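For reference, protein.txt (compact mmCIF, C-alpha atoms):
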# COMPACT_ATOMS: atom_id res chain seq x y z
CA MET A 1 16.12 -31.15 -37.14
CA SER A 2 17.41 -27.59 -36.59
CA GLU A 3 20.52 -26.07 -38.11
CA ARG A 4 21.97 -25.58 -34.65
CA ARG A 5 21.40 -29.25 -33.75
CA ALA A 6 22.97 -30.46 -36.99
CA ARG A 7 26.10 -28.40 -36.38
CA SER A 8 26.32 -29.48 -32.75
CA ALA A 9 25.93 -33.19 -33.60
CA SER A 10 28.56 -33.09 -36.32
CA LYS A 11 30.99 -31.40 -33.95
CA ASP A 12 30.63 -33.98 -31.19
CA THR A 13 31.03 -37.00 -33.50
CA ARG A 14 34.66 -38.15 -33.82
CA GLY A 15 36.02 -38.51 -37.33
CA ASP A 16 33.44 -36.15 -38.93
CA SER A 17 34.48 -33.05 -40.80
CA LYS A 18 35.63 -30.12 -38.65
CA ASN A 19 34.18 -27.49 -40.98
CA ALA A 20 30.84 -27.39 -39.18
CA SER A 21 32.58 -27.14 -35.84
CA ASN A 22 34.77 -24.27 -36.97
CA GLY A 23 31.78 -22.48 -38.49
CA LYS A 24 29.77 -22.70 -35.33
CA ASP A 25 32.67 -21.66 -33.11
CA ALA A 26 33.24 -18.62 -35.33
CA ARG A 27 29.55 -17.69 -35.15
CA LYS A 28 29.41 -18.05 -31.40
CA SER A 29 32.64 -16.21 -30.68
CA VAL A 30 30.90 -12.85 -31.07
CA TRP A 31 28.38 -13.65 -28.31
CA ARG A 32 31.05 -15.11 -26.04
CA ARG A 33 33.08 -11.91 -26.29
CA ALA A 34 29.97 -9.81 -25.61
CA LEU A 35 28.74 -11.88 -22.67
CA THR A 36 31.92 -12.93 -20.88
CA PRO A 37 34.77 -10.80 -19.50
CA PRO A 38 37.98 -10.80 -21.56
CA ALA A 39 40.37 -13.61 -20.65
CA ALA A 40 43.99 -12.88 -19.79
CA PRO A 41 45.65 -15.49 -22.06
CA PRO A 42 45.31 -15.17 -25.85
CA ALA A 43 42.63 -17.18 -27.62
CA ARG A 44 43.65 -20.61 -28.82
CA PRO A 45 42.86 -22.06 -32.25
CA PRO A 46 39.37 -23.56 -32.56
CA SER A 47 39.08 -27.04 -31.12
CA PRO A 48 36.23 -29.45 -30.47
CA ARG A 49 33.81 -27.61 -28.20
CA PRO A 50 34.18 -28.42 -24.51
CA ASP A 51 31.27 -28.43 -22.15
CA PRO A 52 30.21 -24.87 -21.18
CA PRO A 53 31.15 -23.77 -17.68
CA ALA A 54 28.80 -25.13 -15.07
CA PRO A 55 27.26 -22.70 -12.60
CA ASP A 56 28.58 -22.31 -9.11
CA PRO A 57 27.28 -25.17 -6.91
CA ASP A 58 26.22 -22.62 -4.32
CA ASP A 59 23.77 -21.16 -6.84
CA ALA A 60 22.39 -24.46 -8.12
CA GLY A 61 19.09 -23.82 -6.36
CA SER A 62 18.07 -21.31 -9.03
CA VAL A 63 17.67 -24.14 -11.57
CA VAL A 64 14.10 -25.17 -10.80
CA GLN A 65 13.98 -28.01 -13.29
CA ALA A 66 15.62 -29.07 -16.53
CA ALA A 67 14.24 -31.82 -18.74
CA LEU A 68 14.87 -33.28 -22.16
CA TYR A 69 11.94 -34.32 -24.37
CA ARG A 70 11.65 -36.36 -27.54
CA ASP A 71 8.35 -36.68 -29.42
CA GLY A 72 6.55 -35.05 -26.51
CA VAL A 73 7.84 -37.50 -23.89
CA ARG A 74 10.40 -36.78 -21.20
CA VAL A 75 13.52 -38.86 -21.77
CA SER A 76 15.88 -37.30 -19.24
CA THR A 77 16.00 -35.04 -16.19
CA PRO A 78 19.56 -33.66 -15.98
CA ALA A 79 20.76 -32.50 -12.59
CA THR A 80 22.85 -29.57 -13.83
CA LEU A 81 23.00 -27.20 -16.76
CA ALA A 82 26.21 -28.86 -17.99
CA ASP A 83 24.45 -32.23 -18.04
CA THR A 84 21.53 -30.66 -19.91
CA PHE A 85 23.81 -29.24 -22.58
CA ARG A 86 25.66 -32.52 -23.01
CA GLU A 87 22.54 -34.67 -23.22
CA LEU A 88 20.88 -32.26 -25.64
CA ARG A 89 23.83 -32.57 -27.97
CA ASP A 90 23.65 -36.35 -27.72
CA GLU A 91 19.89 -36.40 -28.45
CA PRO A 92 19.37 -35.63 -32.15
CA ASP A 93 15.65 -34.94 -31.98
CA GLY A 94 15.43 -33.70 -28.40
CA VAL A 95 14.03 -30.49 -26.98
CA ALA A 96 15.38 -29.04 -23.74
CA TRP A 97 13.11 -27.18 -21.34
CA ILE A 98 15.10 -25.39 -18.66
CA GLY A 99 13.36 -23.53 -15.84
CA LEU A 100 15.22 -20.98 -13.75
CA ALA A 101 14.13 -18.84 -10.82
CA ARG A 102 16.17 -15.69 -10.19
CA PRO A 103 19.25 -17.19 -11.83
CA THR A 104 22.80 -16.10 -11.24
CA GLU A 105 24.85 -14.25 -13.80
CA ALA A 106 27.05 -17.32 -14.31
CA GLU A 107 24.05 -19.47 -15.18
CA LEU A 108 22.70 -17.00 -17.70
CA LEU A 109 26.11 -16.59 -19.29
CA SER A 110 26.51 -20.34 -19.64
CA LEU A 111 23.08 -20.54 -21.27
CA ALA A 112 23.92 -17.66 -23.57
CA ALA A 113 27.17 -19.32 -24.66
CA GLU A 114 25.45 -22.65 -25.32
CA PHE A 115 22.36 -21.41 -27.14
CA ASP A 116 23.70 -18.24 -28.78
CA LEU A 117 21.37 -15.95 -26.84
CA HIS A 118 21.58 -12.31 -27.82
CA PRO A 119 23.44 -10.09 -25.30
CA LEU A 120 20.58 -7.58 -25.11
CA ALA A 121 18.08 -10.32 -24.24
CA VAL A 122 20.45 -11.77 -21.64
CA GLU A 123 20.94 -8.32 -20.12
CA ASP A 124 17.16 -7.87 -19.84
CA ALA A 125 16.83 -11.27 -18.18
CA MET A 126 19.54 -10.35 -15.66
CA GLU A 127 18.13 -6.98 -14.70
CA ALA A 128 14.42 -7.87 -14.84
CA HIS A 129 11.88 -5.04 -14.32
CA GLN A 130 11.07 -5.10 -18.03
CA ARG A 131 7.80 -4.28 -19.73
CA PRO A 132 6.07 -7.09 -21.66
CA LYS A 133 7.59 -7.42 -25.11
CA LEU A 134 8.45 -9.82 -27.89
CA GLU A 135 11.77 -9.74 -29.75
CA ARG A 136 13.20 -12.09 -32.36
CA TYR A 137 16.96 -12.56 -32.56
CA GLY A 138 17.68 -14.85 -35.49
CA GLU A 139 16.16 -18.23 -34.67
CA THR A 140 15.55 -17.30 -31.03
CA LEU A 141 12.39 -15.67 -29.76
CA PHE A 142 12.64 -13.61 -26.56
CA VAL A 143 9.40 -12.94 -24.68
CA VAL A 144 8.86 -10.92 -21.50
CA LEU A 145 5.61 -11.51 -19.62
CA ARG A 146 4.08 -9.99 -16.48
CA ALA A 147 2.15 -12.56 -14.51
CA ALA A 148 -0.30 -11.65 -11.76
CA ARG A 149 -2.02 -13.34 -8.86
CA TYR A 150 -4.64 -12.11 -6.40
CA LEU A 151 -3.85 -12.29 -2.68
CA ASP A 152 -7.17 -12.74 -0.89
CA ALA A 153 -5.83 -12.13 2.61
CA LEU A 154 -4.27 -8.77 1.69
CA GLU A 155 -6.76 -7.92 -1.08
CA GLU A 156 -3.80 -7.02 -3.28
CA VAL A 157 -2.51 -7.97 -6.72
CA ASP A 158 0.99 -9.46 -6.76
CA PHE A 159 2.90 -9.17 -10.03
CA GLY A 160 5.71 -11.43 -11.22
CA GLU A 161 7.99 -11.26 -14.23
CA LEU A 162 8.82 -14.07 -16.62
CA HIS A 163 11.41 -14.13 -19.41
CA VAL A 164 11.18 -16.86 -22.05
CA PHE A 165 13.80 -17.82 -24.63
CA VAL A 166 12.41 -20.02 -27.40
CA GLY A 167 14.78 -21.59 -29.92
CA PRO A 168 14.62 -24.42 -32.45
CA ASP A 169 15.32 -27.08 -29.82
CA PHE A 170 15.13 -25.37 -26.45
CA VAL A 171 12.90 -23.35 -24.14
CA ILE A 172 14.41 -21.38 -21.26
CA THR A 173 12.22 -19.71 -18.66
CA VAL A 174 13.65 -17.16 -16.24
CA ARG A 175 11.21 -16.34 -13.47
CA HIS A 176 11.37 -13.26 -11.22
CA GLY A 177 8.59 -13.56 -8.66
CA ALA A 178 6.18 -16.19 -7.36
CA ALA A 179 3.87 -16.15 -10.38
CA PRO A 180 3.26 -18.00 -12.59
CA ASP A 181 3.38 -21.63 -11.46
CA LEU A 182 5.36 -23.14 -14.31
CA SER A 183 5.45 -26.56 -12.67
CA ALA A 184 1.73 -26.83 -13.41
CA VAL A 185 2.42 -25.85 -17.03
CA ARG A 186 5.07 -28.55 -17.30
CA ARG A 187 2.73 -31.20 -15.86
CA ARG A 188 0.00 -30.15 -18.25
CA MET A 189 2.29 -30.42 -21.26
CA GLU A 190 3.67 -33.76 -20.15
CA ASP A 191 0.11 -35.03 -19.78
CA THR A 192 -0.59 -34.03 -23.40
CA PRO A 193 2.42 -35.33 -25.37
CA GLU A 194 0.60 -34.76 -28.66
CA LEU A 195 0.78 -31.04 -27.91
CA LEU A 196 4.29 -31.11 -26.50
CA LYS A 197 5.61 -32.90 -29.58
CA LEU A 198 4.79 -29.78 -31.62
CA GLY A 199 8.01 -28.32 -30.24
CA PRO A 200 9.16 -25.22 -28.35
CA GLU A 201 6.38 -23.06 -29.79
CA ALA A 202 3.86 -25.32 -28.09
CA VAL A 203 5.63 -24.75 -24.78
CA LEU A 204 5.49 -21.00 -25.39
CA TYR A 205 1.76 -21.29 -26.04
CA ALA A 206 1.27 -23.20 -22.78
CA ILE A 207 3.19 -20.54 -20.85
CA LEU A 208 1.19 -17.73 -22.46
CA ASP A 209 -2.03 -19.57 -21.73
CA SER A 210 -1.03 -20.07 -18.08
CA VAL A 211 -0.17 -16.40 -17.65
CA VAL A 212 -3.44 -15.29 -19.24
CA ASP A 213 -5.49 -17.81 -17.23
CA GLY A 214 -3.81 -16.44 -14.10
CA TYR A 215 -5.39 -13.07 -14.88
CA LEU A 216 -8.92 -14.43 -14.43
CA PRO A 217 -8.80 -14.81 -10.61
CA VAL A 218 -7.26 -11.33 -10.46
CA VAL A 219 -10.11 -9.90 -12.53
CA SER A 220 -12.65 -11.64 -10.27
CA GLY A 221 -10.94 -10.41 -7.10
CA VAL A 222 -10.71 -6.85 -8.37
CA GLN A 223 -14.39 -6.93 -9.35
CA ASN A 224 -15.28 -7.94 -5.77
CA ASP A 225 -13.08 -5.15 -4.42
CA ILE A 226 -14.80 -2.60 -6.63
CA ASP A 227 -18.23 -3.81 -5.46
CA GLU A 228 -17.12 -3.45 -1.83
CA ILE A 229 -15.67 -0.01 -2.52
CA GLU A 230 -18.96 1.17 -4.03
CA THR A 231 -20.75 0.09 -0.86
CA GLU A 232 -18.18 1.82 1.34
CA VAL A 233 -18.40 5.01 -0.71
CA PHE A 234 -22.13 5.40 -0.19
CA ARG A 235 -21.79 4.32 3.42
CA GLY A 236 -19.39 7.18 4.03
CA ASP A 237 -16.36 5.14 5.12
CA PRO A 238 -13.49 7.65 5.58
CA LYS A 239 -10.83 5.04 4.62
CA VAL A 240 -12.33 4.30 1.20
CA SER A 241 -10.36 7.03 -0.59
CA ARG A 242 -7.05 5.35 0.24
CA ARG A 243 -8.39 1.99 -0.89
CA ILE A 244 -9.55 3.46 -4.20
CA TYR A 245 -6.14 5.03 -4.77
CA GLU A 246 -4.23 1.82 -4.02
CA LEU A 247 -6.49 -0.27 -6.25
CA SER A 248 -6.14 2.31 -9.03
CA ARG A 249 -2.36 1.98 -8.87
CA GLU A 250 -2.67 -1.80 -9.14
CA MET A 251 -4.90 -1.39 -12.18
CA VAL A 252 -2.25 0.79 -13.81
CA GLU A 253 0.24 -2.07 -13.31
CA PHE A 254 -2.34 -4.53 -14.60
CA GLN A 255 -2.81 -2.45 -17.73
CA ARG A 256 0.94 -2.44 -18.30
CA ALA A 257 0.89 -6.23 -18.09
CA THR A 258 -2.06 -6.89 -20.39
CA ARG A 259 -2.04 -4.18 -23.06
CA PRO A 260 1.34 -5.06 -24.63
CA LEU A 261 0.39 -8.73 -24.56
CA VAL A 262 -2.41 -8.08 -27.06
CA GLY A 263 0.05 -6.67 -29.59
CA MET A 264 2.57 -9.45 -28.87
CA LEU A 265 0.07 -12.19 -29.67
CA HIS A 266 -1.04 -10.43 -32.83
CA ALA A 267 2.61 -10.23 -33.85
CA LEU A 268 2.94 -13.98 -33.28
CA MET A 269 -0.16 -14.62 -35.34
CA ALA A 270 1.18 -12.43 -38.13
CA GLY A 271 4.21 -14.75 -38.39
CA PHE A 272 2.25 -18.00 -38.64
CA ALA A 273 2.75 -18.36 -42.39
CA LYS A 274 6.36 -17.15 -42.39
CA TYR A 275 7.54 -19.56 -39.70
CA GLY A 276 5.26 -22.48 -40.59
CA THR A 277 3.36 -22.66 -37.30
CA ASP A 278 1.23 -25.77 -36.89
CA GLU A 279 -2.46 -25.13 -37.64
CA GLU A 280 -3.65 -26.59 -34.35
CA LEU A 281 -1.18 -24.41 -32.48
CA GLN A 282 -2.45 -21.42 -34.43
CA ARG A 283 -5.96 -22.07 -33.10
CA TYR A 284 -4.65 -22.27 -29.53
CA LEU A 285 -2.74 -19.01 -29.86
CA ARG A 286 -5.76 -17.25 -31.35
CA ASP A 287 -7.80 -18.44 -28.38
CA VAL A 288 -5.21 -17.00 -25.98
CA ALA A 289 -5.29 -13.72 -27.94
CA ASP A 290 -9.07 -13.55 -27.51
CA HIS A 291 -8.76 -14.09 -23.77
CA VAL A 292 -6.07 -11.42 -23.48
CA THR A 293 -8.20 -8.93 -25.40
CA HIS A 294 -11.16 -9.63 -23.13
CA THR A 295 -9.01 -9.27 -20.01
CA SER A 296 -7.46 -6.05 -21.27
CA GLU A 297 -10.91 -4.59 -21.91
CA ARG A 298 -12.01 -5.59 -18.40
CA VAL A 299 -8.96 -3.94 -16.87
CA ASP A 300 -9.62 -0.75 -18.85
CA GLY A 301 -13.18 -0.84 -17.55
CA PHE A 302 -11.97 -1.30 -13.98
CA ARG A 303 -9.71 1.71 -14.19
CA GLN A 304 -12.49 3.86 -15.63
CA ALA A 305 -14.87 2.61 -12.95
CA LEU A 306 -12.38 3.46 -10.21
CA THR A 307 -11.95 6.93 -11.69
CA ASP A 308 -15.72 7.43 -11.65
CA ILE A 309 -15.97 6.07 -8.10
CA LEU A 310 -13.23 8.43 -6.96
CA THR A 311 -15.14 11.35 -8.50
CA VAL A 312 -18.39 10.26 -6.83
CA ASN A 313 -16.58 9.83 -3.52
CA ALA A 314 -15.09 13.32 -3.79
CA THR A 315 -18.57 14.70 -4.53
CA LEU A 316 -20.08 12.87 -1.56
CA VAL A 317 -17.29 14.04 0.72
CA THR A 318 -17.84 17.62 -0.45
CA GLN A 319 -21.56 17.32 0.16
CA GLN A 320 -20.94 15.89 3.61
CA GLN A 321 -18.55 18.72 4.42
CA ASN A 322 -21.09 21.27 3.18
CA ALA A 323 -23.78 19.66 5.33
CA GLU A 324 -21.49 19.78 8.35
CA MET A 325 -20.64 23.42 7.68
CA ARG A 326 -24.33 24.22 7.30
CA ALA A 327 -25.10 22.47 10.58
CA LEU A 328 -22.33 24.39 12.29
CA ALA A 329 -23.62 27.64 10.83
CA GLU A 330 -27.16 26.89 12.00
CA ALA A 331 -25.89 25.99 15.44
CA GLY A 332 -23.91 29.22 15.54
CA PHE A 333 -26.97 31.20 14.46
CA GLU A 334 -29.11 29.65 17.17
CA GLN A 335 -26.41 30.28 19.72
CA ASN A 336 -26.21 33.90 18.58
CA GLU A 337 -29.95 34.30 19.02
CA GLU A 338 -29.74 32.98 22.55
CA ILE A 339 -26.88 35.35 23.30
CA LYS A 340 -29.01 38.26 22.00
CA LYS A 341 -31.85 37.36 24.36
CA ILE A 342 -29.55 36.99 27.30
CA SER A 343 -27.83 40.29 26.52
CA SER A 344 -31.19 42.08 26.12
CA TRP A 345 -32.51 40.93 29.48
CA ALA A 346 -29.19 41.69 31.11
CA ALA A 347 -29.38 45.27 29.77
CA ILE A 348 -33.01 45.64 30.89
CA LEU A 349 -32.23 44.41 34.40
CA PHE A 350 -29.12 46.53 34.59
CA ALA A 351 -31.11 49.81 34.30
CA PRO A 352 -33.10 49.55 37.56
CA THR A 353 -30.03 48.17 39.28
CA LEU A 354 -28.11 51.30 38.26
CA VAL A 355 -30.86 53.66 39.48
CA GLY A 356 -31.29 51.78 42.72
CA THR A 357 -27.54 51.73 43.32
CA ILE A 358 -27.22 55.49 42.82
CA TYR A 359 -30.09 56.37 45.19
CA GLY A 360 -29.00 53.81 47.72
CA MET A 361 -25.64 55.40 48.48
CA ASN A 362 -27.17 57.25 51.55
CA PHE A 363 -25.11 60.43 51.32
CA ASP A 364 -26.62 63.35 53.35
CA SER A 365 -25.94 65.93 50.66
CA MET A 366 -27.53 63.97 47.79
CA PRO A 367 -30.24 65.86 45.85
CA GLU A 368 -33.77 64.56 46.21
CA LEU A 369 -32.67 62.48 49.21
CA HIS A 370 -35.36 64.03 51.44
CA TRP A 371 -37.75 64.75 48.61
CA VAL A 372 -41.26 63.46 49.22
CA LEU A 373 -41.64 62.33 45.60
CA GLY A 374 -38.14 60.88 45.43
CA TYR A 375 -39.17 57.25 45.81
CA PRO A 376 -42.04 57.36 43.26
CA PHE A 377 -39.71 59.20 40.90
CA ALA A 378 -37.06 56.46 41.17
CA ILE A 379 -39.65 53.72 40.56
CA VAL A 380 -41.09 55.52 37.56
CA LEU A 381 -37.61 56.14 36.19
CA MET A 382 -36.77 52.44 36.50
CA ALA A 383 -39.98 51.44 34.78
CA VAL A 384 -39.51 53.95 31.95
CA VAL A 385 -35.92 52.83 31.27
CA CYS A 386 -36.81 49.10 31.38
CA THR A 387 -39.83 49.60 29.13
CA SER A 388 -37.84 51.65 26.64
CA LEU A 389 -35.10 49.03 26.44
CA TYR A 390 -37.62 46.25 26.05
CA VAL A 391 -39.32 48.07 23.15
CA ILE A 392 -35.98 48.74 21.46
CA PHE A 393 -34.81 45.11 21.73
CA LYS A 394 -38.18 43.82 20.63
CA ARG A 395 -38.08 45.91 17.47
CA LYS A 396 -34.59 44.57 16.71
CA ASP A 397 -35.87 40.96 17.17
CA TRP A 398 -33.54 40.36 20.04
CA LEU A 399 -36.49 39.29 22.19
Step by step, read the file and then write its structure as structure tokens.
Amino acid sequence: MSERRARSASKDTRGDSKNASNGKDARKSVWRRALTPPAAPPARPPSPRPDPPAPDPDDAGSVVQAALYRDGVRVSTPATLADTFRELRDEPDGVAWIGLARPTEAELLSLAAEFDLHPLAVEDAMEAHQRPKLERYGETLFVVLRAARYLDALEEVDFGELHVFVGPDFVITVRHGAAPDLSAVRRRMEDTPELLKLGPEAVLYAILDSVVDGYLPVVSGVQNDIDEIETEVFRGDPKVSRRIYELSREMVEFQRATRPLVGMLHALMAGFAKYGTDEELQRYLRDVADHVTHTSERVDGFRQALTDILTVNATLVTQQQNAEMRALAEAGFEQNEEIKKISSWAAILFAPTLVGTIYGMNFDSMPELHWVLGYPFAIVLMAVVCTSLYVIFKRKDWL
């Protein structure tokens, strides 16, 4: 029986002493002032605690499920948060498990007022986009987890965020994203009442185990992607560089989800003796810690492998570019050789054409026009010029 439950029960029982009620109201007034806007009228003297404000009916859809358990068995399924609070106070040995999905501010504030949740933790749960962490505020444990799932159709990793408040007699889960599937966790715990009866810490273990188990399909999917990428790299697929970059970014996010979780579980294990954690539950948590460590090591290996693949791909692309440049250079060299040959023969053929053109102008006053040796001289001149050019071009390897 927790201290909070004892104070709550004494307050709701008529005729009992009001000292416990006044003490609890005084303790909770600090959080109410921090979490709720200041009211216009002055505060009234302490009175028996009314039911906390219920959330707006329009936002009731964010409460996925709320249930009350005793000795590991569900005894009630309240429809609203107000009903959950009331029934928990009426159940001396009960444990409330409240699941929320993208809750409204009013819902979180009502939970904070009822369970004395720390304002910093409530602020984190409102804003989301937090890194995995574990914080203890008095008797309440606040845990932030990053769940992941692998989307086969898109070949992408989808990340979700989960905030868990664990107190002496309550567990509150605030989910931002599709993962993880906490309904499966709830069914599993309800099917094993001997585990659920261990209390809120057992629920936290089940949630941690579900998140870590959800990493396994992601690891398998990423491994298949890396195998395909290696094939594409050596096949010369031009789109593989983008795929490597996108998968590398996902692995960075995966590292951010798994690395802190290793330290968080070790911190939980370090507090086993201090907080009197059940021995069987200790074994379960150590098993989860082993799985997280293995997954974290695999993710580190994936990122290193992708870095190596990116380096190999850059090398192969450079080699391919060099080969293409070499082929272009060779083609240009061959083309240049052909141009040399064509230019050489054009020069050789141009010489007799020039001589023949000059002596074919048929002017009466041209020298050697009526010379008897004029024709043989022109032929010999053409032959000498063509032969000379041929010898010159041949020596220069143009022919």
Write out as an mmCIF file with C-alpha atoms, keeping the file's coordinate frame the residues lying within 10 Å of Thr84 (chain A), counting all atoms listed in the file and excluding same-chain residues fewer than 4 positions away.
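For reference, part38.cif as written:
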data_model
loop_
_atom_site.group_PDB
_atom_site.id
_atom_site.type_symbol
_atom_site.label_atom_id
_atom_site.label_comp_id
_atom_site.auth_asym_id
_atom_site.auth_seq_id
_atom_site.Cartn_x
_atom_site.Cartn_y
_atom_site.Cartn_z
ATOM 1 C CA ALA A 66 15.620 -29.070 -16.530
ATOM 2 C CA ALA A 67 14.240 -31.820 -18.740
ATOM 3 C CA LEU A 68 14.870 -33.280 -22.160
ATOM 4 C CA SER A 76 15.880 -37.300 -19.240
ATOM 5 C CA THR A 77 16.000 -35.040 -16.190
ATOM 6 C CA PRO A 78 19.560 -33.660 -15.980
ATOM 7 C CA ALA A 79 20.760 -32.500 -12.590
ATOM 8 C CA THR A 80 22.850 -29.570 -13.830
ATOM 9 C CA LEU A 88 20.880 -32.260 -25.640
ATOM 10 C CA ARG A 89 23.830 -32.570 -27.970
ATOM 11 C CA ASP A 90 23.650 -36.350 -27.720
ATOM 12 C CA ALA A 96 15.380 -29.040 -23.740
ATOM 13 C CA TRP A 97 13.110 -27.180 -21.340
ATOM 14 C CA ILE A 98 15.100 -25.390 -18.660
#
### Task
Would you work out the distance separating CA of Val144 (chain A) from CA of Pro132 (chain A), expressed in Å to one decimal?
4.7 Å
### Task
Using only C-alpha atoms, pick whichever of A:Arg149, A:Asp191, A:Leu373, A:Met382 has the shortest atom-to-atom distance to Pro352 (chain A).
A:Met382
### Task
Give me the residues within 8 Å of region 175-188 of chain A as number ranges by chain, counting all atoms listed in the file and dropping any in the same chain fewer than 4 places off.
A: 99-102, 128, 147-149, 159-163, 192, 206-207, 210-211, 214
### Query
Which residues, written as a PyMOL selection string, have at least one atom at most 10 Å from Met126 (chain A), with all atoms listed in the file counted and residues fewer than 3 positions away on the same chain left out?
chain A and resi 102-105+108-109+120-123+129+163+174+176
### Task
Work out how far apart CA of Glu228 (chain A) and CA of Ala257 (chain A) are and give it in Å to one decimal.
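Between these atoms lies a distance of 24.4 Å.
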### Task
Would you list the residues near (14.3, -14.7, -31.5) (no more than 10 Å away, in the coordinates of the file, using all atoms listed in the file) as a list of chain:residue names?
A:Leu117, A:His118, A:Ala121, A:Leu134, A:Glu135, A:Arg136, A:Tyr137, A:Gly138, A:Glu139, A:Thr140, A:Leu141, A:Phe142, A:Val143, A:Phe165, A:Val166, A:Gly167, A:Pro168
Given the selection you just returned, output its residues as a file containing C-alpha atoms, formatted as a JSON list (two decimals), in the coordinates of the input.
[["chain", "number", "residue", "atom", "x", "y", "z"],
["A", 117, "LEU", "CA", 21.37, -15.95, -26.84],
["A", 118, "HIS", "CA", 21.58, -12.31, -27.82],
["A", 121, "ALA", "CA", 18.08, -10.32, -24.24],
["A", 134, "LEU", "CA", 8.45, -9.82, -27.89],
["A", 135, "GLU", "CA", 11.77, -9.74, -29.75],
["A", 136, "ARG", "CA", 13.20, -12.09, -32.36],
["A", 137, "TYR", "CA", 16.96, -12.56, -32.56],
["A", 138, "GLY", "CA", 17.68, -14.85, -35.49],
["A", 139, "GLU", "CA", 16.16, -18.23, -34.67],
["A", 140, "THR", "CA", 15.55, -17.30, -31.03],
["A", 141, "LEU", "CA", 12.39, -15.67, -29.76],
["A", 142, "PHE", "CA", 12.64, -13.61, -26.56],
["A", 143, "VAL", "CA", 9.40, -12.94, -24.68],
["A", 165, "PHE", "CA", 13.80, -17.82, -24.63],
["A", 166, "VAL", "CA", 12.41, -20.02, -27.40],
["A", 167, "GLY", "CA", 14.78, -21.59, -29.92],
["A", 168, "PRO", "CA", 14.62, -24.42, -32.45]]
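For region 237-253 of chain A, the set of protein, DNA and RNA residues having any atom at most 7 Å away, when counting all atoms listed in the file and skipping those fewer than 6 positions along the same chain, is Val157, Ile229, Val299, Arg303, Leu306 and Leu310 of chain A.
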Using only C-alpha atoms, please write the residues we just selected to a file, as a PDB file, keeping the file's coordinate frame.
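In the end it all went to selection-v7.pdb:
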ATOM      1  CA  VAL A 157      -2.510  -7.970  -6.720  1.00  0.00           C
ATOM      2  CA  ILE A 229     -15.670  -0.010  -2.520  1.00  0.00           C
ATOM      3  CA  VAL A 299      -8.960  -3.940 -16.870  1.00  0.00           C
ATOM      4  CA  ARG A 303      -9.710   1.710 -14.190  1.00  0.00           C
ATOM      5  CA  LEU A 306     -12.380   3.460 -10.210  1.00  0.00           C
ATOM      6  CA  LEU A 310     -13.230   8.430  -6.960  1.00  0.00           C
TER       7      LEU A 310
END
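Rounded to one decimal, CA of Arg70 (chain A) and CA of Ala267 (chain A) lie 28.4 Å from each other.
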### Query
Given the choices A:Leu154, A:Val288, A:Val75, A:Leu349, which gets closest to Glu87 (chain A) if the distance is worked out from all atoms listed in the file?
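Checking each candidate against Glu87 (chain A), we get A:Val75 as the closest.
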### Summary
With distances taken over only C-alpha atoms, the candidate from A:Lys341, A:Val212, A:Phe234, A:Met189 nearest Thr315 (chain A) is A:Phe234
### Query
Skipping near chain neighbours, those fewer than 2 positions away, what residues fall within 12 Å of Thr387 (chain A) using only C-alpha atoms, listed as a VMD selection string?
chain A and resid 344 to 345 347 to 349 351 to 352 380 to 385 389 to 394
How about saving the chosen residues, C-alpha atoms kept, as a PDB file, in the frame of the given file?
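Dumped everything to result.pdb:
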ATOM      1  CA  SER A 344     -31.190  42.080  26.120  1.00  0.00           C
ATOM      2  CA  TRP A 345     -32.510  40.930  29.480  1.00  0.00           C
ATOM      3  CA  ALA A 347     -29.380  45.270  29.770  1.00  0.00           C
ATOM      4  CA  ILE A 348     -33.010  45.640  30.890  1.00  0.00           C
ATOM      5  CA  LEU A 349     -32.230  44.410  34.400  1.00  0.00           C
ATOM      6  CA  ALA A 351     -31.110  49.810  34.300  1.00  0.00           C
ATOM      7  CA  PRO A 352     -33.100  49.550  37.560  1.00  0.00           C
ATOM      8  CA  VAL A 380     -41.090  55.520  37.560  1.00  0.00           C
ATOM      9  CA  LEU A 381     -37.610  56.140  36.190  1.00  0.00           C
ATOM     10  CA  MET A 382     -36.770  52.440  36.500  1.00  0.00           C
ATOM     11  CA  ALA A 383     -39.980  51.440  34.780  1.00  0.00           C
ATOM     12  CA  VAL A 384     -39.510  53.950  31.950  1.00  0.00           C
ATOM     13  CA  VAL A 385     -35.920  52.830  31.270  1.00  0.00           C
ATOM     14  CA  LEU A 389     -35.100  49.030  26.440  1.00  0.00           C
ATOM     15  CA  TYR A 390     -37.620  46.250  26.050  1.00  0.00           C
ATOM     16  CA  VAL A 391     -39.320  48.070  23.150  1.00  0.00           C
ATOM     17  CA  ILE A 392     -35.980  48.740  21.460  1.00  0.00           C
ATOM     18  CA  PHE A 393     -34.810  45.110  21.730  1.00  0.00           C
ATOM     19  CA  LYS A 394     -38.180  43.820  20.630  1.00  0.00           C
TER      20      LYS A 394
END
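Using all atoms listed in the file, the smallest distance between any of A:Phe333, A:Phe350, A:Tyr359, A:Phe254 and Glu156 (chain A) comes from A:Phe254.
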### Message
Given the point (-7.2, -12.0, -21.6) in the coordinates of this file, which residues lie within 9 Å, counting all atoms listed in the file, and how would they look as a VMD selection string?
### Response
chain A and resid 212 to 213 215 to 216 258 261 to 262 288 to 298
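Comparing the minimum interatomic distances between Gly360 (chain A) and each of A:Ala378, A:Ala329, A:Ile226, A:Val171, counting all atoms listed in the file, we find that A:Ala378 sits nearest.
Among the candidates A:Arg74, A:Val95, A:Tyr275, A:Phe85, the one nearest to Gly199 (chain A) when counting all atoms listed in the file is A:Val95.
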